[in-house]
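Reading through the structure tokens given below for one structure.
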Amino acid sequence: MIVGQQKPLDEIWEMIKGHKKVLVFGCNTCVAVCQQGGNKEAEILASLLRMKATQEGCEIEIKNSGIERQCEHEFFEQALDDIKWAEAILSTACGIGVQFVAEKFEKTHVYPGLNTTFLGAVEKLGLYTERCQACGQCILGKTAGICPISRCAKRLLNGPCGGSTKGKCEISKDLDCAWQLIIDRLKALGKLDEYEKITPIKDWSSDRAGGPRTFIREDVQV
Amino acid sequence: MNLKTPSKLEKILASGEFAVTSECGPPRGSDPEAITKKAELIKNHVDAINITDNQTSVTRLCSLAACIHLKMMGVEPCLQMVTRDRNRIALQSDILGAASFDIFNMLCLSGDHQSFGDCASGQNVHDLDSMQLLQLVRMMRDEGKFIGGDEIKRPPKMFVGAAANPFADPFEIRVPRLAKKIAAGAEFIQTQCIYNLDKFEEWMKLVVDRGLHEKVYILAGLTPMKSAGMARYMKNRVPGMDVPEEVVKRLAGVPKEKQAEEGIKICIESILRLKEVKGVKGFHIMAIEWEQKVPEIVEEAGLYPRPKID
């Protein structure tokens with residue numbers, strides 16, 4: 001899922017303080033799983049901003065609302081009244097939702113309430129960790145199901161580097177060395193000999209490097 | 001002798017004599033004397049000098065320019081190149097640039113993470129990794145081709161090296177990893193600084209058992225300790241470094257003003273012991289900002305005079 005982290009209140013305040021009618025707009029699917037940016041969090045953020053406005057002596061009307069997903073047209077219908085009321089929208093979706101709102105409502109100011117942080121897993125409640133960088137050409141079949149592109153700090157395809165120490169990455173003792181994990185798993189699967197196969201130079205054109213990506217399925221379009 | 005390049009380092013290694021290399025870190029400024037003065041101190045005692053490439057991710061004068069300064073003073077350079085800062089266009093371009101100055105040695109590395117340096121907020125590139133950089137240089141040299149498949153006019157003639165760290169984890173893949181680097185194209189290896197000689201010998205035995213010592217020239221890496229403090233720092237703070245407690249104790253056991261001398265002594269003793277280890281073909285002495293000590297180490301270790309090669 002997409003993991004996001006709410007921006008500091010002061011940063012949000014700097015963005016919205018010049019407007020008179022602000023809608024804090026939650027997105028209740030991906031980011032909400034890590035209890036950031038969902039409709040409930042939008043409600044809490046709206047009341048914090050109302051308090052801030054009172055403290056600063058600013059006259060701003062702040063409402064909150066939210067939908068299931070800000071990245072799909074069909075969910076917006078139910079919130080159209082609130083959206084039309086607002087002069088500015090503080091979207092607490094990931095960067096995709098923020099942009100979708102901006103594209104849909106060209107006369108409305110739109111600001112991000114979150115920093116979109118990564119594509120990750122819920123290891124446990126309160127611990128979310130990166131697992132994928134959407135490189136567009138999955139190699140997990142060759143790396144024992146562990147991704148060195150998202151989990152090695154140098155995205156080494158033929159790791160580990162010389163900085164791997166006691167299973168941890170050279171940049172942090174709290175971070176697992178992805179290549180240690182790969183080697184452990186290759187061993188558990190009885191195929192450590194595969195370690196010696198050299199992964200060739202990667203075609204990064206399906207990654208960010210190739211420009212913005214599009215996936216078209218004409219068969220399901222209406 | 002079946003030589004693949006005009007490299008003096010390759011010639012000496014192929015002759016069966018111990019090779020001696022050293023390294024110089026370029027300055028954090030543009031004064032060429034910062035390199036040439038260091039090189040003057042050691043040039044008669046080593047066969048080639050590595051120039052580090054923005055080591056520990058701290059921005060410095062570029063490795064290629066520093067290598068050219070060495071070349072102009074008649075010293076054989078070894079160009080270190082990391083994959084952290086350059087994509088495949090820049091890597092190939094810099095290899096050609098080096099080849100145009102007849103730089104004949106290259107060490108392929110991935111590089112320390114940028115968070116250790118002065119640009120922690122910068123991007124890292126890693127379009128290729130060190131293994132793939134080895135493949136790239138060998139392809140450019142042996143096939144005369146770019147990655148894209150086009151022909152290179154006057155291909156580079158690099159003697160290609162890689163680093164090996166016998167002390168990093170997990171230990172069980174340290175020899176397979178060396179085999180992988182050889183398969184990727186490494187012709188010589190410069191190892192991480194050796195302080196734990198027992199563990200190094202254990203690694204070398206596994207290397208010899210697999211016959212890898214006949215496929216690659218292994219230069220044992222050494223860095224003399226200046227003090228017990230430095231030993232402690234290397235032991236506790238430098239990733240992938242194995243400094244046994246007895247080395248720290250030995251240095252701490254002599255008065256502060258004698259610790260540097262003791263560090264040199266340890267380094268010389270290590271070389272003398274490693275000369276007897278099967279598969280060790282030379283020494284890479286990294287006297288960090290202490291280049292003036294290299295001649296003494298080389299002489300005392302019985303590695304002087306250096307062989308004359310035309």
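Identifiers for the structure tokens are assigned positionally: chains receive A, B, ... in sequence, residues are indexed from 1 per chain, and ligands are indexed from 1 in the order shown.
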Write out as a tab-separated table a residue-level contact list of chain A versus chain B with cut-off 12 Å: for each qualifying residue the closest pair of atoms and the distance in Å to one decimal, counting only C-alpha atoms, rows sorted by chain and residue number upward.
```
residue	atom	partner	partner_atom	distance
A:Pro148	CA	B:Asp129	CA	11.8
A:Ile149	CA	B:His126	CA	10.0
A:Cys152	CA	B:His113	CA	10.6
A:Ala153	CA	B:His113	CA	7.4
A:Lys154	CA	B:His126	CA	6.3
A:Arg155	CA	B:His126	CA	6.8
A:Leu156	CA	B:Asp129	CA	5.7
A:Leu157	CA	B:Asp129	CA	6.7
A:Asn158	CA	B:Met131	CA	6.5
A:Gly159	CA	B:Asp129	CA	8.3
A:Pro160	CA	B:Asp169	CA	8.4
A:Cys161	CA	B:Ser110	CA	7.5
A:Gly162	CA	B:Ala168	CA	5.5
A:Gly163	CA	B:Gly240	CA	4.8
A:Ser164	CA	B:Asp169	CA	5.5
A:Thr165	CA	B:Asp169	CA	5.3
A:Lys166	CA	B:Asp169	CA	6.0
A:Gly167	CA	B:Asp169	CA	6.8
A:Lys168	CA	B:Asp169	CA	8.9
A:Cys169	CA	B:Pro239	CA	8.7
A:Glu170	CA	B:Pro239	CA	5.7
A:Ile171	CA	B:His113	CA	7.0
A:Ser172	CA	B:Pro239	CA	10.1
A:Lys173	CA	B:Pro239	CA	10.2
A:Cys177	CA	B:Asp169	CA	9.6
A:Ala178	CA	B:Pro170	CA	11.7
A:Trp179	CA	B:Pro170	CA	9.1
A:Gln180	CA	B:Pro170	CA	6.7
A:Leu181	CA	B:Pro170	CA	10.2
A:Ile182	CA	B:Pro170	CA	11.0
A:Ile183	CA	B:Ile173	CA	8.3
A:Asp184	CA	B:Pro170	CA	9.2
A:Leu186	CA	B:Ile173	CA	11.5
A:Lys187	CA	B:Glu172	CA	10.6
A:Leu192	CA	B:Ile173	CA	9.0
A:Asp193	CA	B:Pro176	CA	8.7
A:Glu194	CA	B:Pro176	CA	10.3
A:Tyr195	CA	B:Pro176	CA	7.8
A:Glu196	CA	B:Lys180	CA	5.6
A:Lys197	CA	B:Lys180	CA	7.4
A:Ile198	CA	B:Lys180	CA	6.8
A:Thr199	CA	B:Gln132	CA	8.1
A:Pro200	CA	B:Gln132	CA	6.7
A:Ile201	CA	B:Gln132	CA	6.0
A:Lys202	CA	B:Leu128	CA	7.5
A:Asp203	CA	B:Asp127	CA	9.2
A:Trp204	CA	B:Asp127	CA	7.9
A:Ser205	CA	B:Asp127	CA	11.1
A:Asp207	CA	B:Asp127	CA	11.2
A:Ala209	CA	B:Asp127	CA	10.1
```
Same residues, C-alpha atoms, saved as an mmCIF file, in the first residue's frame:
```cif
data_model
loop_
_atom_site.group_PDB
_atom_site.id
_atom_site.type_symbol
_atom_site.label_atom_id
_atom_site.label_comp_id
_atom_site.auth_asym_id
_atom_site.auth_seq_id
_atom_site.Cartn_x
_atom_site.Cartn_y
_atom_site.Cartn_z
ATOM 1 C CA PRO A 148 17.273 -5.143 -3.426
ATOM 2 C CA ILE A 149 16.084 -2.134 -5.419
ATOM 3 C CA CYS A 152 19.330 -1.936 -0.389
ATOM 4 C CA ALA A 153 20.457 1.667 0.165
ATOM 5 C CA LYS A 154 22.560 1.400 -3.011
ATOM 6 C CA ARG A 155 19.978 -0.688 -4.891
ATOM 7 C CA LEU A 156 22.773 -3.159 -5.701
ATOM 8 C CA LEU A 157 21.695 -5.938 -8.023
ATOM 9 C CA ASN A 158 24.815 -7.909 -7.115
ATOM 10 C CA GLY A 159 25.261 -7.207 -3.430
ATOM 11 C CA PRO A 160 26.051 -7.090 -0.613
ATOM 12 C CA CYS A 161 28.542 -4.245 -0.495
ATOM 13 C CA GLY A 162 31.477 -4.297 1.907
ATOM 14 C CA GLY A 163 29.500 -2.308 4.451
ATOM 15 C CA SER A 164 27.161 -5.143 5.462
ATOM 16 C CA THR A 165 27.817 -5.840 9.139
ATOM 17 C CA LYS A 166 26.067 -8.410 11.334
ATOM 18 C CA GLY A 167 23.095 -8.447 8.993
ATOM 19 C CA LYS A 168 22.670 -4.690 9.061
ATOM 20 C CA CYS A 169 23.162 -1.947 6.487
ATOM 21 C CA GLU A 170 26.146 0.419 6.655
ATOM 22 C CA ILE A 171 23.827 3.425 6.882
ATOM 23 C CA SER A 172 21.922 2.271 9.980
ATOM 24 C CA LYS A 173 22.121 -0.441 12.598
ATOM 25 C CA CYS A 177 20.924 -5.571 4.874
ATOM 26 C CA ALA A 178 18.692 -6.669 1.985
ATOM 27 C CA TRP A 179 21.442 -8.907 0.638
ATOM 28 C CA GLN A 180 21.844 -10.658 3.978
ATOM 29 C CA LEU A 181 18.099 -11.388 3.811
ATOM 30 C CA ILE A 182 18.426 -12.635 0.223
ATOM 31 C CA ILE A 183 21.359 -14.892 1.117
ATOM 32 C CA ASP A 184 19.595 -16.263 4.210
ATOM 33 C CA LEU A 186 18.510 -18.612 -0.734
ATOM 34 C CA LYS A 187 20.162 -20.817 1.860
ATOM 35 C CA LEU A 192 22.684 -20.638 -2.367
ATOM 36 C CA ASP A 193 24.572 -21.601 -5.542
ATOM 37 C CA GLU A 194 22.279 -19.156 -7.371
ATOM 38 C CA TYR A 195 24.060 -16.347 -5.543
ATOM 39 C CA GLU A 196 26.928 -16.646 -8.011
ATOM 40 C CA LYS A 197 24.771 -15.840 -11.029
ATOM 41 C CA ILE A 198 25.558 -12.287 -12.075
ATOM 42 C CA THR A 199 22.512 -10.083 -12.507
ATOM 43 C CA PRO A 200 23.177 -8.217 -15.765
ATOM 44 C CA ILE A 201 22.996 -4.460 -16.272
ATOM 45 C CA LYS A 202 19.368 -3.463 -15.769
ATOM 46 C CA ASP A 203 17.108 -1.770 -18.266
ATOM 47 C CA TRP A 204 15.834 1.163 -16.188
ATOM 48 C CA SER A 205 13.619 2.507 -18.959
ATOM 49 C CA ASP A 207 11.519 2.848 -14.084
ATOM 50 C CA ALA A 209 14.064 7.123 -15.642
#
```
inquiry  = To test your reading of the structure, identify every residue in region 8-213 of chain A that backbone DSSP assigns to strand (DSSP E or B), and report it as a ChimeraX atom specification.
reply    = /A:21-27,61-67,88-91,109-112,114-124,127-132,165,168-169,172-176
ask   = Excluding same-chain residues fewer than 2 positions from region 186-191 of chain B, what lies within 8 Å of it counting only C-alpha atoms, as an NGL selection string?
value = :B and (134 or 159-166 or 181-184 or 193-194 or 215-221 or 283-284)
query = Lys20 (chain A): which residues within 10 Å, counting only C-alpha atoms, same-chain residues fewer than 6 positions away excluded, as a list in words?
reply = Cys58, Glu59, Ile60, Glu61, Ile62, Ala86, Glu87 and Ala88 of chain A
Store the residues picked out above, limited to N, CA and C atoms, as a tab-separated table (two decimals), in the first residue's frame.
```tsv
chain	number	residue	atom	x	y	z
A	58	CYS	N	-6.89	34.56	13.06
A	58	CYS	CA	-7.24	34.59	11.64
A	58	CYS	C	-8.69	34.13	11.47
A	59	GLU	N	-9.42	34.81	10.61
A	59	GLU	CA	-10.79	34.37	10.34
A	59	GLU	C	-10.80	33.43	9.15
A	60	ILE	N	-10.77	32.15	9.45
A	60	ILE	CA	-10.81	31.13	8.39
A	60	ILE	C	-11.90	30.13	8.76
A	61	GLU	N	-12.72	29.83	7.79
A	61	GLU	CA	-13.69	28.77	8.00
A	61	GLU	C	-13.04	27.46	7.57
A	62	ILE	N	-13.04	26.51	8.46
A	62	ILE	CA	-12.40	25.23	8.13
A	62	ILE	C	-13.39	24.09	8.30
A	86	ALA	N	-15.49	25.22	-0.98
A	86	ALA	CA	-14.13	25.58	-0.55
A	86	ALA	C	-13.40	26.47	-1.55
A	87	GLU	N	-12.61	27.37	-0.95
A	87	GLU	CA	-11.71	28.19	-1.75
A	87	GLU	C	-10.39	27.42	-1.94
A	88	ALA	N	-10.05	26.66	-0.88
A	88	ALA	CA	-8.82	25.85	-0.93
A	88	ALA	C	-9.09	24.48	-0.32
```
task = Check region 7-212 of chain A with DSSP on the backbone and list each residue it calls helix (DSSP H, G or I), as an NGL selection string.
result = :A and (9-16 or 30-33 or 39-56 or 73-75 or 77-85 or 95-104 or 140-142 or 148-151 or 178-188 or 192-196 or 204-206 or 208-210)
message = Could you list, as JSON, numbers by chain, every residue within 12 Å of region 39-45 of chain B, counting only C-alpha atoms and ignoring same-chain residues fewer than 2 positions away?
response = {"B": [19, 20, 21, 22, 23, 24, 25, 26, 32, 33, 34, 35, 36, 37, 47, 48, 49, 50, 51, 66, 67, 69, 70, 71, 72, 73, 74, 75, 76, 77, 283, 284, 285, 286, 287, 289, 290, 291, 292, 293, 294, 295, 296, 297, 298, 299, 300, 301, 302, 303, 304, 305, 306, 307, 308]}
query = Contacts of Arg232 (chain B) at 9 Å or less, counting only C-alpha atoms, minus same-chain residues fewer than 6 places along, as a ChimeraX atom specification?
reply = /B:243,245,248
Deliver the residues from the most recent selection as a file, using N, CA and C atoms, as a JSON list (two decimals), in the first residue's frame.
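The file below, out07.json, is the result:
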```
[["chain", "number", "residue", "atom", "x", "y", "z"],
["B", 243, "VAL", "N", 38.93, -5.13, 13.37],
["B", 243, "VAL", "CA", 40.15, -4.84, 14.13],
["B", 243, "VAL", "C", 40.09, -5.64, 15.43],
["B", 245, "GLU", "N", 40.75, -7.06, 19.14],
["B", 245, "GLU", "CA", 41.03, -6.35, 20.39],
["B", 245, "GLU", "C", 42.53, -6.32, 20.70],
["B", 248, "VAL", "N", 44.23, -3.29, 19.27],
["B", 248, "VAL", "CA", 43.96, -2.09, 20.05],
["B", 248, "VAL", "C", 44.80, -2.10, 21.33]]
```
inquiry  = I need the residue nearest His19 (chain A) from this list: A:Met1, A:Gln35, A:Ile89, A:Ile44. Use only C-alpha atoms for the distance.
reply    = A:Ile89
inquiry  = Taking 2 positions as the minimum chain separation for residues in the same chain, which residues sit within 10 Å of Thr108 (chain A) when counting only C-alpha atoms? Answer as an MDAnalysis selection string.
reply    = chainID A and resid 83:89 101:106 110:111
inquiry  = To one decimal place in Å, what is the distance between CA of Val247 (chain B) and CA of Val46 (chain B)?
reply    =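 It comes out at 26.1 Å.
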Point-to-point distance in Å for CA of Lys258 (chain B) and CA of Tyr195 (chain B) =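 Result for CA of Tyr195 (chain B) versus CA of Lys258 (chain B): 19.1 Å, one decimal.
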key: Point-to-point distance in Å for CA of Asn105 (chain B) and CA of Leu9 (chain B)   =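 Separation between CA of Leu9 (chain B) and CA of Asn105 (chain B): 7.8 Å.
Using only C-alpha atoms for every distance, the candidate list A:Phe118, A:Tyr128, A:Phe100, A:Trp13 yields A:Trp13 as the residue closest to Ala46 (chain A).
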ask   = Which one of A:Leu23, A:Ile2, A:Leu90, A:Ala144 sits closest to Gly120 (chain A) if you count only C-alpha atoms?
value =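 Closest to Gly120 (chain A), using only C-alpha atoms: A:Ile2.
The residue that comes closest to His109 (chain A), out of A:Gly18, A:Gly97, A:Gly57, A:Gly141 and on the basis of only C-alpha atoms, is A:Gly18.
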